[in-house]
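Shown here: entry_38.tsv, TSV, C-alpha atoms.
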```
chain	number	residue	atom	x	y	z
A	1	MET	CA	-84.82	-36.24	48.25
A	2	ARG	CA	-82.71	-36.17	45.13
A	3	THR	CA	-83.23	-34.83	41.66
A	4	ILE	CA	-82.31	-36.61	38.42
A	5	PHE	CA	-81.85	-34.63	35.22
A	6	LYS	CA	-82.67	-36.60	32.09
A	7	GLY	CA	-80.30	-35.35	29.46
A	8	THR	CA	-77.49	-32.96	30.23
A	9	ILE	CA	-76.86	-29.98	32.41
A	10	LEU	CA	-75.27	-27.16	30.46
A	11	LEU	CA	-72.45	-24.98	31.64
A	12	ALA	CA	-71.41	-21.74	29.97
A	13	ALA	CA	-70.56	-18.24	31.10
A	14	ILE	CA	-70.80	-14.68	29.90
A	15	GLY	CA	-68.95	-11.46	30.49
A	16	PHE	CA	-65.63	-12.84	31.72
A	17	THR	CA	-63.37	-15.64	30.57
A	18	LEU	CA	-63.45	-18.11	33.45
A	19	GLN	CA	-60.28	-19.90	34.49
A	20	PHE	CA	-62.34	-22.80	35.84
A	21	PRO	CA	-65.68	-24.22	34.71
A	22	MET	CA	-68.10	-23.76	37.59
A	23	ALA	CA	-68.21	-27.43	38.56
A	24	GLN	CA	-64.43	-27.81	38.30
A	25	ILE	CA	-63.63	-24.96	40.67
A	26	GLN	CA	-66.14	-26.32	43.16
A	27	LEU	CA	-64.10	-29.52	43.38
A	28	LEU	CA	-61.92	-27.47	45.75
A	29	ASN	CA	-64.80	-27.21	48.23
A	30	ASP	CA	-64.67	-28.71	51.71
A	31	GLU	CA	-67.64	-29.00	54.08
A	32	PHE	CA	-65.28	-30.14	56.89
A	33	THR	CA	-67.28	-33.27	57.70
A	34	ASN	CA	-64.49	-35.78	57.00
A	35	ASP	CA	-61.12	-35.62	58.73
A	36	SER	CA	-59.38	-37.13	55.71
A	37	THR	CA	-59.82	-33.88	53.76
A	38	LEU	CA	-57.19	-32.19	55.94
A	39	ALA	CA	-54.66	-33.72	53.53
A	40	ASN	CA	-56.11	-31.53	50.76
A	41	TRP	CA	-54.98	-28.36	52.55
A	42	GLN	CA	-51.39	-27.14	52.47
A	43	ASN	CA	-49.72	-25.81	55.61
A	44	ILE	CA	-47.45	-22.83	54.97
A	45	ILE	CA	-44.99	-24.26	57.50
A	46	ASP	CA	-44.49	-27.42	55.43
A	47	VAL	CA	-44.49	-25.65	52.06
A	48	GLU	CA	-41.86	-23.09	53.09
A	49	GLY	CA	-39.78	-25.38	55.28
A	50	TRP	CA	-40.14	-23.68	58.65
A	51	LEU	CA	-39.20	-25.73	61.70
A	52	GLU	CA	-41.86	-24.60	64.16
A	53	ASP	CA	-45.61	-24.63	63.59
A	54	PRO	CA	-47.43	-21.73	65.30
A	55	LEU	CA	-50.62	-23.83	65.40
A	56	GLU	CA	-50.94	-25.76	68.64
A	57	VAL	CA	-53.99	-27.64	67.31
A	58	TYR	CA	-55.52	-27.92	63.85
A	59	ASP	CA	-57.83	-30.62	62.58
A	60	ILE	CA	-61.02	-31.25	60.64
A	61	ASN	CA	-64.16	-32.81	62.14
A	62	THR	CA	-62.28	-33.85	65.28
A	63	SER	CA	-61.93	-31.16	67.95
A	64	THR	CA	-65.15	-29.57	66.62
A	65	PRO	CA	-67.39	-31.87	64.55
A	66	GLY	CA	-68.18	-30.43	61.13
A	67	ASN	CA	-65.51	-27.72	61.39
A	68	LEU	CA	-61.92	-26.91	60.64
A	69	HIS	CA	-60.55	-26.17	64.12
A	70	MET	CA	-57.45	-23.98	64.55
A	71	MET	CA	-55.87	-22.96	67.87
A	72	PRO	CA	-52.66	-20.92	67.53
A	73	PHE	CA	-49.81	-20.19	69.87
A	74	THR	CA	-48.70	-16.56	70.22
A	75	THR	CA	-48.43	-15.44	66.58
A	76	SER	CA	-49.56	-12.87	64.02
A	77	TRP	CA	-49.54	-11.70	60.42
A	78	TYR	CA	-48.28	-8.12	60.38
A	79	GLN	CA	-45.52	-6.42	58.38
A	80	ASP	CA	-42.76	-9.08	58.38
A	81	TYR	CA	-44.31	-11.19	61.14
A	82	ARG	CA	-45.69	-14.42	59.66
A	83	GLY	CA	-48.30	-16.67	61.20
A	84	PRO	CA	-50.22	-19.85	60.38
A	85	LEU	CA	-51.97	-20.38	57.05
A	86	LEU	CA	-53.79	-23.46	55.75
A	87	PHE	CA	-54.45	-22.89	52.08
A	88	LYS	CA	-55.21	-24.12	48.59
A	89	GLU	CA	-53.76	-22.74	45.38
A	90	ILE	CA	-56.10	-21.26	42.81
A	91	THR	CA	-55.60	-19.63	39.43
A	92	GLY	CA	-57.62	-16.80	37.93
A	93	ASN	CA	-60.88	-15.29	39.12
A	94	PHE	CA	-63.03	-16.85	41.82
A	95	ILE	CA	-65.28	-16.42	44.84
A	96	PHE	CA	-64.35	-18.02	48.17
A	97	SER	CA	-66.77	-18.20	51.11
A	98	THR	CA	-66.64	-19.50	54.67
A	99	LYS	CA	-68.39	-19.14	58.04
A	100	ILE	CA	-66.30	-18.39	61.14
A	101	THR	CA	-66.73	-18.56	64.89
A	102	ALA	CA	-63.89	-16.98	66.91
A	103	THR	CA	-63.80	-17.59	70.68
A	104	ASN	CA	-61.39	-17.75	73.59
A	105	ARG	CA	-59.66	-21.07	74.25
A	106	VAL	CA	-62.39	-22.13	76.64
A	107	GLY	CA	-64.90	-21.62	73.85
A	108	ASN	CA	-67.44	-19.64	75.85
A	109	SER	CA	-66.57	-15.99	75.19
A	110	THR	CA	-64.66	-13.54	73.04
A	111	PRO	CA	-60.85	-13.77	73.27
A	112	SER	CA	-59.12	-11.96	76.12
A	113	SER	CA	-55.90	-11.17	74.23
A	114	SER	CA	-55.30	-8.25	71.87
A	115	PHE	CA	-55.59	-9.03	68.16
A	116	SER	CA	-57.02	-12.52	68.49
A	117	LEU	CA	-58.88	-13.20	65.25
A	118	ALA	CA	-59.62	-15.89	62.66
A	119	GLY	CA	-60.21	-15.28	58.99
A	120	VAL	CA	-59.44	-15.71	55.31
A	121	MET	CA	-56.19	-14.71	53.61
A	122	LEU	CA	-55.38	-14.26	49.91
A	123	ARG	CA	-51.59	-14.41	49.65
A	124	GLN	CA	-48.90	-14.37	47.00
A	125	ALA	CA	-46.59	-17.36	47.31
A	126	ARG	CA	-42.98	-16.67	48.19
A	127	PRO	CA	-39.87	-18.49	46.90
A	128	ILE	CA	-39.14	-20.02	50.29
A	129	THR	CA	-38.49	-23.75	50.77
A	130	ASN	CA	-35.91	-23.76	53.56
A	131	GLY	CA	-37.44	-21.48	56.17
A	132	LEU	CA	-35.24	-18.78	57.64
A	133	ALA	CA	-32.38	-19.64	55.28
A	134	ASP	CA	-34.48	-18.44	52.33
A	135	TRP	CA	-36.44	-15.73	54.09
A	136	THR	CA	-35.77	-12.03	53.58
A	137	PRO	CA	-37.79	-9.14	55.01
A	138	GLY	CA	-40.02	-7.06	52.80
A	139	GLY	CA	-41.64	-9.76	50.66
A	140	GLU	CA	-45.12	-10.32	52.10
A	141	ASN	CA	-48.09	-9.54	49.82
A	142	TYR	CA	-51.56	-10.45	51.00
A	143	ILE	CA	-55.04	-9.34	51.98
A	144	PHE	CA	-57.03	-10.84	54.82
A	145	LEU	CA	-60.37	-10.30	56.56
A	146	SER	CA	-60.92	-11.83	59.97
A	147	ALA	CA	-63.33	-11.86	62.92
A	148	GLY	CA	-62.48	-11.88	66.61
A	149	THR	CA	-61.26	-9.32	69.13
A	150	ALA	CA	-58.77	-6.56	68.37
A	151	ASN	CA	-58.99	-4.73	71.70
A	152	PRO	CA	-60.16	-6.93	74.56
A	153	VAL	CA	-60.71	-4.10	77.05
A	154	ASN	CA	-64.47	-4.43	76.68
A	155	GLN	CA	-64.19	-7.80	74.88
A	156	ALA	CA	-66.23	-6.46	71.96
A	157	PRO	CA	-66.21	-8.40	68.68
A	158	HIS	CA	-64.41	-6.89	65.70
A	159	LEU	CA	-63.51	-7.35	62.07
A	160	GLU	CA	-59.94	-6.73	61.01
A	161	ILE	CA	-59.07	-6.17	57.37
A	162	LYS	CA	-55.41	-5.92	56.39
A	163	ASN	CA	-53.82	-5.07	53.05
A	164	THR	CA	-50.09	-5.82	52.97
A	165	ASP	CA	-47.86	-4.72	50.08
A	166	GLU	CA	-44.17	-5.70	50.27
A	167	SER	CA	-44.57	-6.20	54.03
A	168	ILE	CA	-46.13	-2.78	54.61
A	169	SER	CA	-49.41	-3.54	56.37
A	170	ASN	CA	-52.42	-1.23	56.47
A	171	LEU	CA	-55.19	-2.42	58.74
A	172	GLN	CA	-58.65	-1.28	59.73
A	173	ILE	CA	-60.73	-2.41	62.69
A	174	THR	CA	-64.54	-2.40	62.62
A	175	PRO	CA	-66.90	-3.32	65.49
A	176	ILE	CA	-69.47	-6.00	64.68
A	177	SER	CA	-72.34	-7.49	66.65
A	178	THR	CA	-70.95	-11.00	67.12
A	179	ASN	CA	-67.95	-13.26	66.57
A	180	GLU	CA	-70.16	-16.29	65.94
A	181	ASP	CA	-71.26	-17.53	62.52
A	182	VAL	CA	-69.67	-14.59	60.70
A	183	GLU	CA	-69.61	-15.26	56.98
A	184	ILE	CA	-66.62	-13.98	55.02
A	185	ARG	CA	-66.29	-13.92	51.25
A	186	PHE	CA	-63.43	-12.99	48.92
A	187	ALA	CA	-63.95	-12.23	45.24
A	188	ARG	CA	-60.99	-11.92	42.92
A	189	ILE	CA	-61.72	-10.30	39.56
A	190	ASP	CA	-58.48	-9.70	37.65
A	191	GLN	CA	-56.59	-6.99	39.56
A	192	TYR	CA	-59.45	-6.34	41.98
A	193	VAL	CA	-60.06	-8.03	45.33
A	194	ILE	CA	-63.45	-7.49	46.98
A	195	CYS	CA	-63.93	-8.53	50.63
A	196	LEU	CA	-67.44	-9.10	52.01
A	197	TYR	CA	-68.91	-10.18	55.32
A	198	ARG	CA	-72.27	-11.01	56.83
A	199	VAL	CA	-73.38	-11.48	60.43
A	200	PRO	CA	-76.48	-13.55	61.26
A	201	ASP	CA	-79.84	-12.06	60.24
A	202	GLN	CA	-78.24	-9.33	58.12
A	203	ASP	CA	-77.42	-8.94	54.45
A	204	TRP	CA	-73.97	-9.12	52.89
A	205	SER	CA	-71.84	-5.98	53.16
A	206	ILE	CA	-68.74	-4.89	51.29
A	207	ARG	CA	-65.88	-4.48	53.77
A	208	GLY	CA	-63.01	-3.68	51.44
A	209	ARG	CA	-62.05	-3.15	47.80
A	210	TYR	CA	-58.47	-3.29	46.64
A	211	VAL	CA	-56.52	-2.90	43.42
A	212	ARG	CA	-53.59	-5.33	43.39
A	213	PRO	CA	-52.10	-5.53	39.88
A	214	ASP	CA	-48.99	-7.00	41.50
A	215	PHE	CA	-50.82	-10.20	42.44
A	216	PRO	CA	-49.91	-13.07	40.07
A	217	ASP	CA	-52.50	-15.25	38.36
A	218	SER	CA	-52.02	-18.08	40.86
A	219	MET	CA	-52.51	-17.30	44.54
A	220	GLN	CA	-52.83	-18.98	47.92
A	221	ILE	CA	-56.18	-18.68	49.69
A	222	GLY	CA	-57.11	-20.17	53.02
A	223	PHE	CA	-57.44	-19.77	56.75
A	224	VAL	CA	-55.45	-17.74	59.28
A	225	THR	CA	-55.60	-17.48	63.06
A	226	TYR	CA	-53.46	-15.24	65.26
A	227	THR	CA	-53.40	-14.05	68.87
A	228	ASP	CA	-51.45	-12.34	71.68
A	229	TRP	CA	-49.93	-9.42	69.76
A	230	PRO	CA	-48.52	-7.64	72.87
A	231	LYS	CA	-46.23	-10.58	73.66
A	232	LEU	CA	-45.41	-11.41	70.04
A	233	SER	CA	-44.36	-7.84	69.28
A	234	SER	CA	-41.77	-7.98	72.05
A	235	PHE	CA	-39.77	-10.36	69.83
A	236	THR	CA	-38.00	-9.42	66.61
A	237	GLU	CA	-39.59	-10.58	63.37
A	238	THR	CA	-36.64	-12.86	62.61
A	239	TYR	CA	-36.85	-14.59	65.98
A	240	ALA	CA	-40.66	-14.83	65.97
A	241	ASN	CA	-40.76	-16.31	62.47
A	242	SER	CA	-38.22	-19.02	63.25
A	243	HIS	CA	-39.20	-20.02	66.81
A	244	LEU	CA	-42.22	-21.31	68.63
A	245	ILE	CA	-43.39	-18.42	70.79
A	246	ASN	CA	-44.78	-19.91	73.99
A	247	ASN	CA	-44.05	-19.99	77.69
A	248	THR	CA	-41.72	-23.00	77.51
A	249	ALA	CA	-38.83	-20.84	76.25
A	250	ASP	CA	-36.15	-20.41	78.89
A	251	PRO	CA	-34.82	-17.80	78.97
A	252	ASP	CA	-37.45	-15.51	77.49
A	253	SER	CA	-35.72	-13.85	74.53
A	254	SER	CA	-38.16	-10.98	74.18
A	255	ASN	CA	-37.49	-7.35	75.10
A	256	ASN	CA	-40.20	-7.63	77.78
A	257	PRO	CA	-39.66	-10.93	79.62
A	258	GLY	CA	-41.97	-9.86	82.42
A	259	LEU	CA	-44.99	-9.71	80.10
A	260	PRO	CA	-46.93	-12.98	80.35
A	261	TYR	CA	-47.97	-15.03	77.33
A	262	ASN	CA	-51.68	-14.94	76.63
A	263	PRO	CA	-52.64	-16.85	73.47
A	264	ASP	CA	-56.42	-17.02	73.68
A	265	LEU	CA	-58.13	-17.98	70.43
A	266	ILE	CA	-59.90	-20.85	68.76
A	267	GLY	CA	-61.03	-20.30	65.18
A	268	ARG	CA	-63.70	-22.62	63.83
A	269	PHE	CA	-64.54	-22.68	60.13
A	270	GLU	CA	-67.75	-24.36	58.97
A	271	TYR	CA	-66.96	-24.78	55.29
A	272	ALA	CA	-64.77	-23.65	52.39
A	273	ARG	CA	-66.72	-23.00	49.17
A	274	PHE	CA	-65.32	-21.87	45.84
A	275	ASP	CA	-67.33	-20.54	42.94
A	276	SER	CA	-66.71	-18.98	39.55
A	277	ILE	CA	-67.61	-15.38	38.83
A	278	VAL	CA	-69.84	-14.09	36.06
A	279	VAL	CA	-69.27	-10.33	35.80
A	280	PRO	CA	-72.21	-8.38	34.30
A	281	PRO	CA	-71.29	-7.23	30.79
A	282	ASP	CA	-71.89	-3.58	31.65
A	283	LEU	CA	-69.26	-3.81	34.42
A	284	VAL	CA	-66.51	-5.43	32.39
A	285	GLY	CA	-63.60	-2.96	32.34
A	286	SER	CA	-65.01	-0.86	35.20
A	287	ASN	CA	-62.93	0.21	38.18
A	288	LEU	CA	-64.42	-2.15	40.74
A	289	ALA	CA	-62.42	-0.51	43.53
A	290	ASN	CA	-64.21	2.81	43.01
A	291	ALA	CA	-67.43	2.88	45.05
A	292	ALA	CA	-68.58	6.05	43.30
A	293	ALA	CA	-68.35	4.37	39.89
A	294	VAL	CA	-69.61	0.94	41.02
A	295	PRO	CA	-71.76	1.19	44.18
A	296	ASP	CA	-71.86	-1.56	46.78
A	297	SER	CA	-75.42	-2.37	45.76
A	298	THR	CA	-74.24	-3.14	42.22
A	299	LEU	CA	-71.46	-5.44	43.39
A	300	LEU	CA	-73.81	-7.26	45.74
A	301	LEU	CA	-76.16	-8.13	42.89
A	302	PHE	CA	-73.65	-10.70	41.66
A	303	LEU	CA	-71.35	-11.20	44.66
A	304	GLY	CA	-73.96	-11.46	47.42
A	305	GLN	CA	-75.63	-14.68	46.34
A	306	PRO	CA	-75.92	-17.67	48.72
A	307	SER	CA	-73.20	-20.30	48.55
A	308	GLN	CA	-74.36	-23.90	48.37
A	309	PRO	CA	-72.66	-27.20	49.15
A	310	PHE	CA	-71.33	-28.98	46.09
A	311	ILE	CA	-71.57	-32.76	45.65
A	312	ALA	CA	-69.24	-33.48	42.75
A	313	GLN	CA	-70.51	-36.95	41.90
A	314	ASN	CA	-74.06	-35.62	41.48
A	315	ILE	CA	-73.24	-32.92	38.92
A	316	ARG	CA	-73.70	-33.29	35.18
A	317	TYR	CA	-72.87	-30.47	32.80
A	318	GLU	CA	-71.71	-29.50	29.31
A	319	VAL	CA	-70.87	-26.27	27.52
A	320	ASP	CA	-73.69	-24.70	25.53
A	321	THR	CA	-73.83	-21.58	23.36
A	322	THR	CA	-76.89	-20.01	24.95
A	323	GLY	CA	-74.81	-17.90	27.37
A	324	ILE	CA	-76.68	-19.32	30.38
A	325	SER	CA	-75.28	-21.87	32.83
A	326	ILE	CA	-77.44	-24.43	34.61
A	327	LEU	CA	-75.85	-26.43	37.41
A	328	SER	CA	-77.77	-28.85	39.58
A	329	ASP	CA	-76.85	-30.08	43.04
A	330	MET	CA	-78.97	-33.19	43.16
A	331	GLU	CA	-78.05	-34.14	46.70
A	332	ASN	CA	-79.31	-30.85	48.10
A	333	ASP	CA	-82.19	-30.10	45.71
A	334	TYR	CA	-80.85	-26.89	44.22
A	335	ILE	CA	-80.65	-25.63	40.66
A	336	ASN	CA	-78.29	-22.71	40.04
A	337	ILE	CA	-78.76	-20.67	36.86
A	338	VAL	CA	-76.09	-18.12	35.96
A	339	GLY	CA	-75.92	-15.69	33.05
A	340	ASP	CA	-77.35	-12.41	31.84
A	341	LEU	CA	-80.92	-13.23	32.90
A	342	ARG	CA	-82.43	-9.75	32.66
A	343	ASN	CA	-84.49	-10.52	29.54
A	344	TYR	CA	-85.52	-14.03	30.49
A	345	THR	CA	-88.35	-15.79	32.28
A	346	ILE	CA	-87.54	-19.10	33.95
A	347	SER	CA	-90.36	-21.49	34.76
A	348	ILE	CA	-90.87	-24.95	36.21
A	349	THR	CA	-93.88	-26.87	34.93
A	350	ASP	CA	-95.35	-30.34	35.29
A	351	THR	CA	-95.57	-32.71	32.35
A	352	MET	CA	-99.00	-31.29	31.40
A	353	GLY	CA	-97.54	-27.81	31.00
A	354	GLN	CA	-99.05	-26.43	34.22
A	355	GLN	CA	-96.75	-23.81	35.69
A	356	ILE	CA	-95.50	-24.51	39.23
A	357	GLU	CA	-92.90	-21.75	39.66
A	358	SER	CA	-91.95	-18.71	37.56
A	359	TYR	CA	-89.13	-16.18	37.94
A	360	THR	CA	-88.76	-12.80	36.18
A	361	GLY	CA	-86.93	-9.55	36.89
A	362	LEU	CA	-83.71	-11.50	37.33
A	363	TYR	CA	-80.12	-10.37	37.16
A	364	HIS	CA	-77.15	-12.70	36.90
A	365	LYS	CA	-77.85	-15.65	39.18
A	366	LEU	CA	-80.92	-17.57	40.27
A	367	THR	CA	-80.87	-20.33	42.88
A	368	ILE	CA	-84.02	-22.46	42.83
A	369	ASP	CA	-84.84	-24.64	45.83
A	370	ILE	CA	-86.80	-27.58	44.44
A	371	SER	CA	-87.06	-29.52	47.70
A	372	GLU	CA	-90.81	-28.85	47.92
A	373	LEU	CA	-91.64	-29.95	44.38
A	374	PRO	CA	-93.85	-33.03	44.02
A	375	LEU	CA	-92.11	-36.26	43.14
A	376	GLY	CA	-91.95	-37.12	39.47
A	377	PRO	CA	-90.97	-35.48	36.17
A	378	HIS	CA	-90.86	-31.71	35.60
A	379	PHE	CA	-89.62	-29.28	32.98
A	380	LEU	CA	-87.31	-26.29	33.42
A	381	ILE	CA	-88.14	-23.77	30.67
A	382	ILE	CA	-86.17	-20.63	29.79
A	383	VAL	CA	-87.97	-18.03	27.66
A	384	HIS	CA	-86.38	-14.97	26.06
A	385	ASN	CA	-88.36	-11.70	25.98
A	386	HIS	CA	-91.55	-13.58	26.88
A	387	GLN	CA	-91.56	-15.11	23.40
A	388	ALA	CA	-88.81	-17.50	22.30
A	389	VAL	CA	-88.20	-20.70	24.24
A	390	ILE	CA	-84.43	-21.11	24.22
A	391	ARG	CA	-84.13	-24.12	26.50
A	392	THR	CA	-86.35	-26.91	27.80
A	393	GLN	CA	-84.79	-29.31	30.29
A	394	ARG	CA	-86.60	-32.33	31.70
A	395	PHE	CA	-85.71	-33.50	35.23
A	396	VAL	CA	-87.17	-36.01	37.64
A	397	LYS	CA	-87.62	-35.49	41.37
A	398	GLU	CA	-87.09	-38.83	43.10
A	399	ASP	CA	-87.42	-39.97	46.68
```
Would you mind giving the structure from this file in structure tokens?
Amino acid sequence: MRTIFKGTILLAAIGFTLQFPMAQIQLLNDEFTNDSTLANWQNIIDVEGWLEDPLEVYDINTSTPGNLHMMPFTTSWYQDYRGPLLFKEITGNFIFSTKITATNRVGNSTPSSSFSLAGVMLRQARPITNGLADWTPGGENYIFLSAGTANPVNQAPHLEIKNTDESISNLQITPISTNEDVEIRFARIDQYVICLYRVPDQDWSIRGRYVRPDFPDSMQIGFVTYTDWPKLSSFTETYANSHLINNTADPDSSNNPGLPYNPDLIGRFEYARFDSIVVPPDLVGSNLANAAAVPDSTLLLFLGQPSQPFIAQNIRYEVDTTGISILSDMENDYINIVGDLRNYTISITDTMGQQIESYTGLYHKLTIDISELPLGPHFLIIVHNHQAVIRTQRFVKED
């Protein structure tokens, strides 16, 4: 099924000045169903001019159909240790979402090596173009949230969140119920970074809130994988950053040559979805890192909404002065409505005015699944305070 809007789809936002229109930022999305989109992702090794890539395998829709597949050698992100990162650059405020499965290299269990995880990193770019020749210690600034195994003694799944400021890393480990299909979401709102996660059959949870006024407007965001910390940590940071750490090195230059290598991780990512943020007007200027001032439940009202695939060629939009954004994904039969919706009623009717669906008691985003609507023309009607019709939009559901 597909949906045709007759007229225009409007796009506007309230509360915050957006760096990207909603449809424009979603052009960065990747559903990982076409191997050619790998060229749209930057590899930190190429960007910074390092000679050795700590990823043994990385591809899209090849090793694992419909996924970005990353399998690292012995590597990590910690203090001045640097690992793999596939990223895109983004400016301003945004939401980034993905779904992760982290397994051992066989693909049938949790990893067997300490600190073997896959996740999302938000990182400040460094002025490095010639690898070790440009590198100096003390310059790493990033936040990441990942899923996998931190301590493999009982092979339990974990989340690791790490905030690194000038190469000083502070990390926290949290047990979770599974390493499969773990959704991770980052929200950047000016100086604040909010990290969320969700495991299957549960709601979104806030995992971390950070204040990072040092982060510049433009940042790198993308995917990290790392594994085998015991062996990696037996090398100096300078050596580890400039060499491939695997069992082909002869002699072993670590301070523990008797310790075997044990890289044991495959990270699979199902999609990469970007979205703009509309901050509720009553939260603008609030300290979003303070859970006492802004509870998790309040953040989740506008950060815990479902992400949807974005088909760029099927989107039509324009800026309107109503303060409400309507964005249609015609390929997937969704209508997303964003704005301060608390005093509005949104209805779908047939051409005779008979109401089919109605939504009240809203907050700042409504996603309408119109896949079950009858074929033919319909109207989307937005009413303010149950009285004034502020928008009537005709659309046609076609086979």
| said: From the options A:His364, A:His378, A:Pro257, A:Leu51, which residue's atoms come nearest to Met352 in chain A, counting only C-alpha atoms? | reply: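 Ranking A:His364, A:His378, A:Pro257, A:Leu51 by distance to Met352 in chain A, first place goes to A:His378.
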Could you give me the axis-aligned bounding box of range 342-354 of chain A, with 8 Å of padding per side, as centre plus edge lengths in Å to one decimal, as JSON?
```
{"center_x": -90.7, "center_y": -21.2, "center_z": 32.9, "size_x": 32.6, "size_y": 39.0, "size_z": 22.7}
```
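Taking CA of Trp229 in chain A and CA of Arg105 in chain A as endpoints, the distance between them is 15.8 Å.
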When you look at Ile266 in chain A with a cut-off of 8 Å (counting all atoms listed in the file), what residues show up, excluding the ones that are within fewer than 4 positions of it in the same chain? I need them as a PDB file with C-alpha atoms, in the coordinates of the input.
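Now in part06.pdb:
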```
ATOM      1  CA  HIS A  69     -60.550 -26.170  64.120  1.00  0.00           C
ATOM      2  CA  MET A  70     -57.450 -23.980  64.550  1.00  0.00           C
ATOM      3  CA  MET A  71     -55.870 -22.960  67.870  1.00  0.00           C
ATOM      4  CA  PRO A  72     -52.660 -20.920  67.530  1.00  0.00           C
ATOM      5  CA  ALA A 102     -63.890 -16.980  66.910  1.00  0.00           C
ATOM      6  CA  THR A 103     -63.800 -17.590  70.680  1.00  0.00           C
ATOM      7  CA  ASN A 104     -61.390 -17.750  73.590  1.00  0.00           C
ATOM      8  CA  ARG A 105     -59.660 -21.070  74.250  1.00  0.00           C
ATOM      9  CA  GLY A 107     -64.900 -21.620  73.850  1.00  0.00           C
ATOM     10  CA  ALA A 118     -59.620 -15.890  62.660  1.00  0.00           C
ATOM     11  CA  THR A 225     -55.600 -17.480  63.060  1.00  0.00           C
TER      12      THR A 225
END
```
| said: So the first atom is CA of Ala133 in chain A and the second is CA of Asn262 in chain A; what is the distance between them in Å, to one decimal place? | reply: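 Pair CA of Ala133 in chain A / CA of Asn262 in chain A returns 29.2 Å.
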Which residues, written as a short mmCIF file (atom, residue, chain, number, x, y, z; two decimals) with C-alpha atoms, keeping the file's coordinate frame, have at least one atom at most 7 Å from Asn163 in chain A, with only C-alpha atoms counted and residues fewer than 5 positions away on the same chain left out?
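Writing the result to around_31.cif gives the following:
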```
data_model
loop_
_atom_site.label_atom_id
_atom_site.label_comp_id
_atom_site.auth_asym_id
_atom_site.auth_seq_id
_atom_site.Cartn_x
_atom_site.Cartn_y
_atom_site.Cartn_z
CA TYR A 142 -51.56 -10.45 51.00
CA ILE A 143 -55.04 -9.34 51.98
CA PHE A 144 -57.03 -10.84 54.82
CA SER A 169 -49.41 -3.54 56.37
CA ASN A 170 -52.42 -1.23 56.47
CA LEU A 171 -55.19 -2.42 58.74
#
```
Closest contacts (range 121-169 of chain A/range 181-186 of chain A, max 12 Å, only C-alpha atoms) as JSON lines:
```
{"residue": "A:Met121", "atom": "CA", "partner": "A:Phe186", "partner_atom": "CA", "distance": 8.8}
{"residue": "A:Leu122", "atom": "CA", "partner": "A:Phe186", "partner_atom": "CA", "distance": 8.2}
{"residue": "A:Arg123", "atom": "CA", "partner": "A:Phe186", "partner_atom": "CA", "distance": 11.9}
{"residue": "A:Ile143", "atom": "CA", "partner": "A:Phe186", "partner_atom": "CA", "distance": 9.6}
{"residue": "A:Phe144", "atom": "CA", "partner": "A:Phe186", "partner_atom": "CA", "distance": 9.0}
{"residue": "A:Leu145", "atom": "CA", "partner": "A:Ile184", "partner_atom": "CA", "distance": 7.4}
{"residue": "A:Ser146", "atom": "CA", "partner": "A:Ile184", "partner_atom": "CA", "distance": 7.8}
{"residue": "A:Ala147", "atom": "CA", "partner": "A:Val182", "partner_atom": "CA", "distance": 7.3}
{"residue": "A:Gly148", "atom": "CA", "partner": "A:Val182", "partner_atom": "CA", "distance": 9.7}
{"residue": "A:Pro157", "atom": "CA", "partner": "A:Val182", "partner_atom": "CA", "distance": 10.7}
{"residue": "A:His158", "atom": "CA", "partner": "A:Val182", "partner_atom": "CA", "distance": 10.6}
{"residue": "A:Leu159", "atom": "CA", "partner": "A:Val182", "partner_atom": "CA", "distance": 9.6}
{"residue": "A:Glu160", "atom": "CA", "partner": "A:Ile184", "partner_atom": "CA", "distance": 11.5}
{"residue": "A:Ile161", "atom": "CA", "partner": "A:Ile184", "partner_atom": "CA", "distance": 11.1}
```
| Distance CA of Leu68 in chain A-CA of Arg268 in chain A, one decimal place? |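 Rounded to one decimal, the two atoms are 5.6 Å apart.
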| Best match for closeness to Gly138 in chain A among A:His384, A:Tyr81, A:Phe223, A:Val106, counting all atoms listed in the file |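 Result for the nearest residue to Gly138 in chain A: A:Tyr81.
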| note | Counting only C-alpha atoms, the residue among A:Ser242, A:Thr136, A:Gln172, A:Thr164 that lies closest to Gly83 in chain A is A:Ser242
| said: Can you pull out the residues contacting Trp204 in chain A? Cut-off 9 Å, using all atoms listed in the file, and skip same-chain residues under 2 positions away; I want them as a list in words. | reply: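 Everything that qualifies: Glu183, Leu196, Tyr197, Arg198, Val199, Gln202, Ile206, Leu300, Leu303, Gly304 and Gln305 of chain A.
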| task | Please provide the set of residues having any atom within 10 Å of range 232-238 of chain A, restricted to all atoms listed in the file, with same-chain residues fewer than 2 positions apart removed, written as a PyMOL selection string. | result | chain A and resi 73-76+78-82+132+135-137+227-230+240-243+245-246+252-257+259+261-263
| Pick from A:Asp369, A:Asp350, A:Glu180, A:Asp282 nearest to Gln393 in chain A, counting all atoms listed in the file | A:Asp350
